[in-house]
Every structure is written in structure tokens, then in C-alpha cells.
file data_5.tsv (TSV, C-alpha atoms and all ligand atoms)
chain	number	residue	atom	x	y	z
A	11	MET	CA	199.61	-24.84	203.67
A	12	THR	CA	199.22	-28.53	202.79
A	13	PRO	CA	198.22	-30.70	205.76
A	14	PRO	CA	201.12	-33.04	206.58
A	15	ALA	CA	200.92	-36.82	206.61
A	16	GLY	CA	199.23	-37.80	209.85
A	17	ALA	CA	196.80	-34.87	209.78
A	18	ARG	CA	193.28	-36.00	210.66
A	19	PRO	CA	189.91	-34.85	209.37
A	20	PRO	CA	188.30	-32.23	211.64
A	21	VAL	CA	185.70	-33.39	214.15
A	22	ARG	CA	182.75	-31.15	214.87
A	23	HIS	CA	182.46	-30.70	218.65
A	24	PRO	CA	179.23	-32.19	220.05
A	25	GLU	CA	178.46	-28.84	221.71
A	26	ALA	CA	179.25	-26.73	218.65
A	27	PRO	CA	176.57	-24.16	217.81
A	28	ALA	CA	173.71	-25.72	215.81
A	29	PRO	CA	173.64	-25.25	212.02
A	30	GLY	CA	172.06	-21.86	211.27
A	31	GLU	CA	172.81	-20.47	214.74
A	32	ILE	CA	174.47	-17.05	214.88
A	33	ILE	CA	177.90	-17.14	216.51
A	34	GLY	CA	178.09	-13.99	218.60
A	35	SER	CA	181.06	-11.66	218.74
A	36	HIS	CA	183.95	-13.03	220.81
A	37	TYR	CA	184.97	-9.50	221.88
A	38	GLU	CA	183.05	-6.23	221.64
A	39	HIS	CA	186.13	-4.32	220.48
A	40	CYS	CA	187.22	-6.85	217.86
A	41	PHE	CA	187.71	-5.04	214.54
A	42	GLY	CA	186.23	-8.01	212.69
A	43	CYS	CA	183.10	-8.83	214.71
A	44	GLY	CA	182.74	-6.37	217.60
A	45	GLY	CA	179.81	-4.00	217.86
A	46	GLY	CA	181.99	-1.43	219.66
A	47	GLN	CA	184.10	-0.55	216.61
A	48	PRO	CA	182.34	2.14	214.53
A	49	HIS	CA	184.44	1.40	211.43
A	50	GLY	CA	184.81	-2.32	212.12
A	51	LEU	CA	183.52	-5.06	209.82
A	52	HIS	CA	180.63	-6.07	212.12
A	53	LEU	CA	180.78	-9.57	210.71
A	54	GLU	CA	177.90	-11.81	211.70
A	55	THR	CA	178.89	-15.45	211.49
A	56	ARG	CA	176.63	-18.51	211.42
A	57	ALA	CA	177.42	-22.11	212.24
A	58	ARG	CA	176.84	-24.60	209.44
A	59	GLU	CA	176.89	-28.40	209.10
A	60	GLY	CA	180.24	-30.06	209.61
A	61	VAL	CA	183.15	-27.87	210.64
A	62	ARG	CA	182.03	-24.91	208.58
A	63	VAL	CA	180.76	-21.36	209.11
A	64	THR	CA	179.40	-18.61	206.87
A	65	ALA	CA	179.32	-14.84	207.32
A	66	GLU	CA	178.27	-11.67	205.53
A	67	PHE	CA	180.19	-8.41	205.35
A	68	ARG	CA	178.90	-5.23	203.72
A	69	VAL	CA	181.81	-3.07	202.52
A	70	LYS	CA	181.48	0.48	203.86
A	71	GLU	CA	183.09	3.78	202.83
A	72	ALA	CA	185.58	3.46	205.70
A	73	HIS	CA	186.87	0.22	204.12
A	74	GLN	CA	188.10	1.72	200.83
A	75	GLY	CA	191.58	1.33	199.39
A	76	ALA	CA	191.20	2.58	195.81
A	77	PRO	CA	188.27	4.97	195.20
A	78	GLY	CA	185.03	3.07	195.62
A	79	LEU	CA	186.76	-0.28	196.13
A	80	ALA	CA	187.42	-2.33	199.24
A	81	HIS	CA	190.97	-2.31	200.63
A	82	GLY	CA	192.68	-5.69	200.19
A	83	GLY	CA	193.76	-5.74	203.83
A	84	VAL	CA	190.17	-5.26	204.93
A	85	LEU	CA	189.09	-8.18	202.74
A	86	ALA	CA	191.87	-10.28	204.28
A	87	THR	CA	190.51	-9.29	207.69
A	88	ALA	CA	187.04	-10.50	206.69
A	89	LEU	CA	188.51	-13.85	205.61
A	90	ASP	CA	190.66	-14.04	208.77
A	91	GLU	CA	187.73	-13.29	211.08
A	92	THR	CA	185.48	-15.86	209.40
A	93	LEU	CA	188.23	-18.48	209.61
A	94	GLY	CA	188.76	-17.55	213.29
A	95	ALA	CA	185.10	-18.34	214.03
A	96	LEU	CA	185.76	-21.97	213.04
A	97	GLY	CA	187.22	-22.38	216.54
A	98	TRP	CA	183.63	-22.44	217.79
A	99	MET	CA	182.94	-25.56	215.74
A	100	LEU	CA	185.93	-27.35	217.27
A	101	ARG	CA	185.50	-25.60	220.65
A	102	VAL	CA	189.10	-24.42	220.76
A	103	ILE	CA	190.71	-20.99	220.73
A	104	ALA	CA	193.00	-20.55	217.76
A	105	VAL	CA	194.96	-17.65	216.30
A	106	THR	CA	196.11	-17.08	212.74
A	107	GLY	CA	199.58	-18.47	212.07
A	108	ARG	CA	199.56	-18.08	208.31
A	109	LEU	CA	197.01	-16.55	205.95
A	110	GLU	CA	197.45	-16.71	202.17
A	111	THR	CA	194.96	-14.68	200.15
A	112	ASP	CA	194.04	-14.59	196.46
A	113	TYR	CA	192.22	-11.53	195.08
A	114	LEU	CA	190.23	-12.53	192.02
A	115	ARG	CA	187.78	-9.64	191.50
A	116	PRO	CA	187.56	-6.06	192.78
A	117	VAL	CA	184.93	-5.57	195.49
A	118	PRO	CA	183.05	-2.22	195.29
A	119	VAL	CA	181.85	-0.27	198.31
A	120	ASP	CA	178.36	-1.35	199.42
A	121	THR	CA	178.90	-4.89	198.11
A	122	VAL	CA	177.90	-7.71	200.44
A	123	LEU	CA	180.70	-10.25	200.63
A	124	HIS	CA	179.35	-13.77	201.29
A	125	LEU	CA	182.01	-15.63	203.25
A	126	ASP	CA	182.25	-19.39	203.68
A	127	ALA	CA	184.98	-21.09	205.71
A	128	GLU	CA	185.73	-24.68	206.67
A	129	VAL	CA	188.37	-26.72	208.41
A	130	LEU	CA	190.11	-29.21	206.15
A	131	ALA	CA	192.41	-31.01	208.59
A	132	VAL	CA	193.94	-30.86	212.06
A	133	HIS	CA	197.48	-31.85	213.03
A	134	GLY	CA	198.40	-31.36	216.69
A	135	ARG	CA	197.68	-27.69	217.43
A	136	LYS	CA	197.59	-26.78	213.72
A	137	ILE	CA	194.23	-26.25	212.06
A	138	TYR	CA	194.28	-26.19	208.24
A	139	CYS	CA	191.38	-24.25	206.81
A	140	THR	CA	190.12	-22.45	203.74
A	141	ALA	CA	187.65	-19.66	202.96
A	142	THR	CA	185.98	-17.94	200.03
A	143	GLY	CA	184.27	-14.57	199.67
A	144	ARG	CA	181.62	-14.38	196.93
A	145	ILE	CA	179.85	-11.33	195.52
A	146	GLY	CA	176.35	-11.00	194.06
A	147	GLY	CA	174.96	-13.69	196.39
A	148	PRO	CA	176.10	-16.82	198.22
A	149	GLU	CA	176.41	-18.64	194.88
A	150	GLY	CA	178.00	-15.69	193.05
A	151	PRO	CA	181.55	-15.56	191.71
A	152	VAL	CA	184.47	-15.85	194.12
A	153	ALA	CA	186.09	-12.43	194.62
A	154	VAL	CA	188.59	-13.40	197.33
A	155	ARG	CA	189.79	-16.64	198.83
A	156	ALA	CA	192.26	-17.74	201.48
A	157	ASP	CA	194.07	-20.76	202.83
A	158	ALA	CA	195.22	-20.58	206.41
A	159	VAL	CA	196.91	-22.38	209.26
A	160	PHE	CA	195.50	-21.47	212.66
A	161	ILE	CA	197.31	-22.51	215.83
A	162	GLU	CA	195.42	-23.60	218.93
A	163	VAL	CA	196.29	-21.55	222.02
A	164	LYS	CA	195.14	-21.36	225.62
A	165	ILE	CA	193.57	-18.29	227.20
A	166	ASP	CA	197.00	-17.44	228.69
A	167	HIS	CA	198.08	-16.43	225.17
A	168	PHE	CA	195.87	-13.34	225.53
A	169	ILE	CA	196.37	-12.74	229.25
A	170	GLU	CA	200.16	-12.77	228.88
A	171	ASN	CA	200.37	-10.74	225.67
A	172	GLY	CA	197.42	-8.33	225.66
A	173	ARG	CA	197.69	-4.78	227.02
A	174	SER	CA	196.89	-4.87	230.71
A	175	ALA	CA	194.02	-2.32	230.64
A	176	GLU	CA	191.98	-4.37	228.16
A	177	ILE	CA	192.82	-7.70	229.84
A	178	GLN	CA	191.70	-6.41	233.25
A	179	ALA	CA	188.47	-5.07	231.73
A	180	VAL	CA	187.74	-8.39	230.03
A	181	LEU	CA	188.42	-10.44	233.17
A	182	ALA	CA	186.03	-8.19	235.12
A	183	ASP	CA	183.25	-8.68	232.54
A	184	PRO	CA	181.06	-11.71	233.31
A	185	ASP	CA	179.82	-11.86	229.69
A	186	GLN	CA	183.37	-12.04	228.37
A	187	VAL	CA	184.32	-14.71	230.92
A	188	LYS	CA	181.29	-16.66	229.69
A	189	VAL	CA	182.68	-16.54	226.15
A	190	ALA	CA	186.00	-17.94	227.36
A	191	ARG	CA	184.21	-20.68	229.37
A	192	ALA	CA	182.12	-21.58	226.33
A	193	LEU	CA	185.38	-22.33	224.55
A	194	GLU	CA	186.17	-24.75	227.40
A	195	VAL	CA	189.06	-22.83	228.80
A	196	ASN	CA	189.63	-21.74	232.35
A	197	PRO	CA	189.95	-17.97	232.48
A	201	LIG	C1	188.23	-15.22	224.84
A	201	LIG	C2	188.08	-15.68	223.41
A	201	LIG	C3	189.15	-15.15	222.49
A	201	LIG	C4	188.99	-15.71	221.07
A	201	LIG	C5	189.99	-15.02	220.21
A	201	LIG	C6	189.89	-15.43	218.77
A	201	LIG	C7	190.52	-14.33	217.94
A	201	LIG	C8	190.29	-14.59	216.47
A	201	LIG	C9	190.62	-13.35	215.66
A	201	LIG	C10	190.81	-13.68	214.21
A	201	LIG	C11	192.12	-14.39	214.04
A	201	LIG	C12	193.31	-13.47	214.29
A	201	LIG	O1	193.48	-12.48	213.68
A	201	LIG	S1	194.40	-13.94	215.50
A	201	LIG	C13	195.61	-12.63	215.56
A	201	LIG	C14	196.75	-12.78	214.58
A	201	LIG	N1	197.66	-13.87	214.98
A	201	LIG	C15	198.54	-13.71	215.98
A	201	LIG	O2	198.64	-12.68	216.62
A	201	LIG	C16	199.44	-14.89	216.25
A	201	LIG	C17	200.87	-14.43	216.56
A	201	LIG	N2	201.74	-15.61	216.68
A	201	LIG	C18	201.91	-16.25	217.85
A	201	LIG	O3	201.43	-15.79	218.91
A	201	LIG	C19	202.70	-17.53	217.83
A	201	LIG	O4	203.61	-17.54	216.74
A	201	LIG	C20	201.78	-18.77	217.76
A	201	LIG	C21	200.81	-18.83	218.98
A	201	LIG	C22	200.92	-18.79	216.46
A	201	LIG	C23	202.64	-20.05	217.75
A	201	LIG	O5	203.55	-19.97	218.84
A	201	LIG	P1	203.73	-21.18	219.88
A	201	LIG	O6	202.51	-21.33	220.72
A	201	LIG	O7	205.05	-20.95	220.58
A	201	LIG	O8	203.78	-22.47	219.00
A	201	LIG	P2	204.96	-23.09	218.12
A	201	LIG	O9	205.59	-24.16	218.96
A	201	LIG	O10	205.83	-22.05	217.52
A	201	LIG	O11	204.12	-23.75	216.94
A	201	LIG	C24	203.18	-24.79	217.18
A	201	LIG	C25	203.00	-25.52	215.86
A	201	LIG	O12	202.43	-24.59	214.92
A	201	LIG	C26	203.33	-24.42	213.79
A	201	LIG	N3	203.31	-23.02	213.39
A	201	LIG	C27	203.59	-21.94	214.15
A	201	LIG	N4	203.49	-20.81	213.43
A	201	LIG	C28	203.15	-21.19	212.18
A	201	LIG	C29	202.92	-20.48	210.95
A	201	LIG	N5	203.04	-19.16	210.88
A	201	LIG	N6	202.60	-21.19	209.84
A	201	LIG	C30	202.50	-22.55	209.90
A	201	LIG	N7	202.71	-23.27	211.03
A	201	LIG	C31	203.04	-22.60	212.15
A	201	LIG	C32	204.70	-24.86	214.30
A	201	LIG	O13	205.51	-25.32	213.24
A	201	LIG	C33	204.31	-26.00	215.25
A	201	LIG	O14	204.04	-27.14	214.51
A	201	LIG	P3	204.46	-28.61	215.04
A	201	LIG	O15	205.92	-28.52	215.39
A	201	LIG	O16	203.61	-28.84	216.26
A	201	LIG	O17	204.15	-29.52	213.92

call {"tool": "encode", "arguments": {"input": "data_5.tsv", "output": "C-alpha cells", "more": "lines below"}}
Ligand SMILES: CCCCCCCCCCCC(=O)SCCNC(=O)CCNC(=O)[C@H](O)C(C)(C)COP(=O)(O)OP(=O)(O)OC[C@H]1O[C@@H](n2cnc3c(N)ncnc32)[C@H](O)[C@@H]1OP(=O)(O)O
result
Amino acid sequence: MTPPAGARPPVRHPEAPAPGEIIGSHYEHCFGCGGGQPHGLHLETRAREGVRVTAEFRVKEAHQGAPGLAHGGVLATALDETLGALGWMLRVIAVTGRLETDYLRPVPVDTVLHLDAEVLAVHGRKIYCTATGRIGGPEGPVAVRADAVFIEVKIDHFIENGRSAEIQAVLADPDQVKVARALEVNP
């Protein structure tokens, strides 16, 4: 998880969303950010200065593990999704290679988790990044945190590996093609 020698500091893309701008969902059926998943996380992410994003996630009943508490896997998903949105700041598509999570405090149902993620370094296709999830407000105590390595991929990664029905539907959807174009890839 430590950037190797030769890793460079991340460079915010000149056409990255402006600080404060909401970064829309990359896919309606994404469990992390899509509006088409009734029990999804419905994460709304905002661009920030530098190569950083923030997001908020309200824990719902469907997200429980222990009674009244968020499931750890769901919290990892919230961290993963927020980290994934950092691709918009670099204008690349990247998938999670490794995600290491620390759980510091239990997170009750109905809590708003304030997520904050940033890229620390880039080495070739590897993007080293980190995220925190705070409770009780954006300056509250850290309940969960993660370090991650994301790997840059091309759109073919999804076209070649995704189930055909969903891929065909996405390729036929002009809005979805626009999302892919915005990430400077040729769908
Ligand atoms: C339309 C908009 C959609 C936008 C879609 C955005 C979706 C975001 C959703 C949230 C994020 C997710 O959950 S994404 C879903 C979860 N993740 C996945 O499904 C990924 C599954 N894994 C894979 O497909 C593959 O293993 C890849 C793509 C990660 C890597 O395979 P590859 O392309 O063949 O690359 P490979 O040569 O192996 O590795 C390239 C470099 O990365 C390093 N590397 C590879 N794996 C790891 C790893 N686990 N941990 C550390 N480092 C790693 C290698 O050492 C190498 O370093 P060096 O030799 O160059 O130094």
C-alpha cells in the first residue's frame, strides 16, 4: 500500500469537476451511487480542491449487519465507491485492486457517514489513495478508514468482462456513453 520509489504526486486534470460540484452517478444500477438500486448506498459525491472528493452516506435499515449497526462490508463499499470517484479528478477509469479497511467505531443505522478521499500518488497505472468516514459531522471522529490501490483500465475492461445484457443496454444509452466520453475514453 506504500507508493514505490518513482511514484509521482497526483495531478488534478484541468477538466476535472470544479470544487463543490456534484459528481453524478457513473451507472444507474451501481450499488454505491446508482439511483436505480432501492437498497443501494445512493452516495452523492462532490469534487474538492486538489485530487480529492467528499461524499455523504446515510446508513439505512437494509444496510445492517448487527442489530441497528451498519454492516462492515457496506461501509467498505461506501469507502470503495468514494475512492472510485477520484477517477473523475484524474479523468481516468480505475477499478479497485486492493482495499484495506480499518473499523474504529460502530456506525448505527440512520447515521450520516461523512466520507473524504484523496489520491496520494500515482505510479504507472496504479493510483494510491486513502479515505476516511467520519460520524457526527464532517469534523467528527473517524469511524472507518481505508487505504487502496486502484488500477487504471480502459473501457474494454467492462465491455469484455461485463454480462452482455447490461453492456448492450449501456452502449445503447446516450447518457451512459456521455459518461464514458467524459472520462476521455472511446466507447
Ligand atoms: C463508464 C464508466 C465506468 C466507471 C466505472 C468505475 C467503477 C468504480 C466502482 C468502485 C470501484 C470498484 O468497486 S471496481 C470493482 C472491483 N474491482 C475489480 O473488479 C477489479 C478486478 N481485477 C482486475 O480486473 C485486474 O486484476 C486488474 C484490472 C485490477 C489488473 O489487471 P491487469 O489490467 O491485467 O493489470 P496487471 O498487469 O495485473 O497490473 C497492473 C499493475 O497494477 C498492479 N496491481 C494489480 N493488481 C493489484 C493489487 N490487487 N494490488 C496492488 N497492485 C496491483 C500490478 O502489480 C501492476 O503493477 P506494475 O507491474 O505496473 O508496477

call {"tool": "closest_atom_pairs", "arguments": {"input": "data_5.tsv", "of": "chain A", "to": "ligand LIG 201 (chain A)", "cutoff": "7 Å", "atoms": "all atoms listed in the file", "output": "CSV"}}
result
residue,atom,partner,partner_atom,distance
A:His36,CA,A:LIG201,C2,5.6
A:Asp90,CA,A:LIG201,C10,5.5
A:Glu91,CA,A:LIG201,C10,4.4
A:Gly94,CA,A:LIG201,C10,4.5
A:Ala95,CA,A:LIG201,C8,6.9
A:Ile103,CA,A:LIG201,C4,5.6
A:Ala104,CA,A:LIG201,C6,6.1
A:Val105,CA,A:LIG201,S1,3.8
A:Thr106,CA,A:LIG201,N1,4.2
A:Gly107,CA,A:LIG201,N5,3.7
A:Arg108,CA,A:LIG201,N5,4.5
A:Gly134,CA,A:LIG201,O16,5.8
A:Arg135,CA,A:LIG201,C25,6.0
A:Lys136,CA,A:LIG201,O12,5.4
A:Val159,CA,A:LIG201,C30,5.6
A:Ile161,CA,A:LIG201,C22,5.2
A:Val163,CA,A:LIG201,C21,6.1
A:Ile165,CA,A:LIG201,C1,6.6
A:Gln186,CA,A:LIG201,C1,6.8
A:Val189,CA,A:LIG201,C1,5.9
A:Ala190,CA,A:LIG201,C1,4.3

call {"tool": "atom_distance", "arguments": {"input": "data_5.tsv", "atom1": "CA of Arg62 (chain A)", "atom2": "CA of Met99 (chain A)"}}
result
7.2 Å

call {"tool": "closest_residue", "arguments": {"input": "data_5.tsv", "among": "A:Pro116, A:Ser174, A:Phe67, A:Ala131", "to": "Arg18 (chain A)", "atoms": "only C-alpha atoms"}}
result
A:Ala131

call {"tool": "closest_residue", "arguments": {"input": "data_5.tsv", "among": "A:Ala65, A:Leu53, A:Leu114, A:Val187", "to": "Ala153 (chain A)", "atoms": "all atoms listed in the file"}}
result
A:Leu114

call {"tool": "atom_distance", "arguments": {"input": "data_5.tsv", "atom1": "CA of Gly45 (chain A)", "atom2": "CA of Asp126 (chain A)"}}
result
21.1 Å

call {"tool": "closest_residue", "arguments": {"input": "data_5.tsv", "among": "A:Ala141, A:Leu96, A:Leu181, A:Ala80", "to": "His124 (chain A)", "atoms": "only C-alpha atoms"}}
result
A:Ala141

call {"tool": "axis_aligned_box", "arguments": {"input": "data_5.tsv", "around": "region 55-60 of chain A", "padding_each_side": "4 Å", "output": "AutoDock Vina command-line options"}}
result
--center_x 178.4 --center_y -22.8 --center_z 210.7 --size_x 11.6 --size_y 22.6 --size_z 11.1

call {"tool": "closest_residue", "arguments": {"input": "data_5.tsv", "among": "A:His52, A:Arg155, A:Arg191, A:His167", "to": "Thr111 (chain A)", "atoms": "all atoms listed in the file"}}
result
A:Arg155

call {"tool": "residues_around", "arguments": {"input": "data_5.tsv", "residues": "Val102 (chain A)", "least_positions_apart": "4", "cutoff": "7 Å", "atoms": "only C-alpha atoms", "output": "PyMOL selection string"}}
result
chain A and resi 97-98+162+193

call {"tool": "decode", "arguments": {"input": "data_5.tsv", "residues": "region 47-79 of chain A", "atoms": "N, CA and C atoms", "output": "CSV table (one decimal), in the first residue's frame"}}
result
chain,number,residue,atom,x,y,z
A,47,GLN,N,-31.0,1.5,-7.6
A,47,GLN,CA,-30.9,0.4,-6.7
A,47,GLN,C,-31.6,0.8,-5.4
A,48,PRO,N,-32.8,0.2,-5.1
A,48,PRO,CA,-33.6,0.6,-4.0
A,48,PRO,C,-32.8,0.5,-2.7
A,49,HIS,N,-32.0,-0.5,-2.5
A,49,HIS,CA,-31.3,-0.7,-1.3
A,49,HIS,C,-29.8,-0.3,-1.4
A,50,GLY,N,-29.5,0.4,-2.5
A,50,GLY,CA,-28.1,0.9,-2.7
A,50,GLY,C,-27.7,2.0,-1.7
A,51,LEU,N,-26.5,2.4,-1.8
A,51,LEU,CA,-26.0,3.5,-0.9
A,51,LEU,C,-26.4,4.9,-1.3
A,52,HIS,N,-26.7,5.0,-2.6
A,52,HIS,CA,-27.1,6.4,-3.1
A,52,HIS,C,-26.1,7.5,-2.7
A,53,LEU,N,-24.9,7.1,-2.8
A,53,LEU,CA,-23.8,8.1,-2.5
A,53,LEU,C,-23.8,9.3,-3.4
A,54,GLU,N,-23.7,10.5,-2.9
A,54,GLU,CA,-23.6,11.7,-3.7
A,54,GLU,C,-22.2,12.3,-3.4
A,55,THR,N,-21.4,12.3,-4.4
A,55,THR,CA,-20.0,12.7,-4.3
A,55,THR,C,-19.8,14.1,-4.8
A,56,ARG,N,-18.9,14.8,-4.2
A,56,ARG,CA,-18.6,16.2,-4.6
A,56,ARG,C,-17.1,16.3,-4.9
A,57,ALA,N,-16.7,17.0,-5.9
A,57,ALA,CA,-15.3,17.3,-6.2
A,57,ALA,C,-14.9,18.3,-5.2
A,58,ARG,N,-13.6,18.2,-4.8
A,58,ARG,CA,-13.0,19.2,-3.9
A,58,ARG,C,-11.7,19.7,-4.6
A,59,GLU,N,-11.0,20.6,-3.9
A,59,GLU,CA,-9.7,21.1,-4.4
A,59,GLU,C,-8.7,19.9,-4.5
A,60,GLY,N,-7.7,20.1,-5.3
A,60,GLY,CA,-6.7,19.1,-5.4
A,60,GLY,C,-7.3,17.8,-6.1
A,61,VAL,N,-6.8,16.7,-5.7
A,61,VAL,CA,-7.3,15.4,-6.2
A,61,VAL,C,-8.0,14.7,-5.1
A,62,ARG,N,-9.1,15.3,-4.7
A,62,ARG,CA,-9.9,14.9,-3.5
A,62,ARG,C,-11.4,15.0,-3.8
A,63,VAL,N,-12.2,14.1,-3.2
A,63,VAL,CA,-13.6,14.2,-3.2
A,63,VAL,C,-14.2,13.9,-1.8
A,64,THR,N,-15.4,14.4,-1.7
A,64,THR,CA,-16.1,14.0,-0.4
A,64,THR,C,-17.5,13.5,-0.8
A,65,ALA,N,-18.1,12.7,0.2
A,65,ALA,CA,-19.4,12.2,-0.1
A,65,ALA,C,-20.1,12.0,1.2
A,66,GLU,N,-21.5,11.8,1.2
A,66,GLU,CA,-22.2,11.5,2.4
A,66,GLU,C,-23.1,10.3,2.1
A,67,PHE,N,-23.2,9.4,3.1
A,67,PHE,CA,-23.9,8.2,3.0
A,67,PHE,C,-24.8,8.0,4.3
A,68,ARG,N,-26.1,8.0,4.2
A,68,ARG,CA,-26.9,7.7,5.4
A,68,ARG,C,-27.2,6.2,5.4
A,69,VAL,N,-26.8,5.6,6.6
A,69,VAL,CA,-27.0,4.2,6.8
A,69,VAL,C,-28.5,3.9,6.9
A,70,LYS,N,-29.0,3.0,6.1
A,70,LYS,CA,-30.4,2.6,6.2
A,70,LYS,C,-30.6,1.2,6.8
A,71,GLU,N,-31.8,0.9,7.1
A,71,GLU,CA,-32.1,-0.4,7.7
A,71,GLU,C,-31.6,-1.6,6.9
A,72,ALA,N,-31.7,-1.4,5.6
A,72,ALA,CA,-31.2,-2.5,4.7
A,72,ALA,C,-29.7,-2.7,4.7
A,73,HIS,N,-29.0,-1.8,5.4
A,73,HIS,CA,-27.5,-1.9,5.5
A,73,HIS,C,-27.0,-2.5,6.8
A,74,GLN,N,-27.9,-3.1,7.6
A,74,GLN,CA,-27.5,-3.6,8.9
A,74,GLN,C,-26.6,-4.9,8.8
A,75,GLY,N,-25.7,-5.0,9.7
A,75,GLY,CA,-25.1,-6.3,10.0
A,75,GLY,C,-25.6,-6.8,11.3
A,76,ALA,N,-25.0,-6.3,12.4
A,76,ALA,CA,-25.6,-6.5,13.8
A,76,ALA,C,-26.8,-5.6,13.9
A,77,PRO,N,-27.7,-6.0,14.9
A,77,PRO,CA,-28.9,-5.2,15.0
A,77,PRO,C,-28.6,-3.7,15.2
A,78,GLY,N,-29.2,-2.9,14.4
A,78,GLY,CA,-29.1,-1.4,14.5
A,78,GLY,C,-27.7,-0.9,14.1
A,79,LEU,N,-26.8,-1.7,13.6
A,79,LEU,CA,-25.5,-1.2,13.2
A,79,LEU,C,-25.2,-1.5,11.7
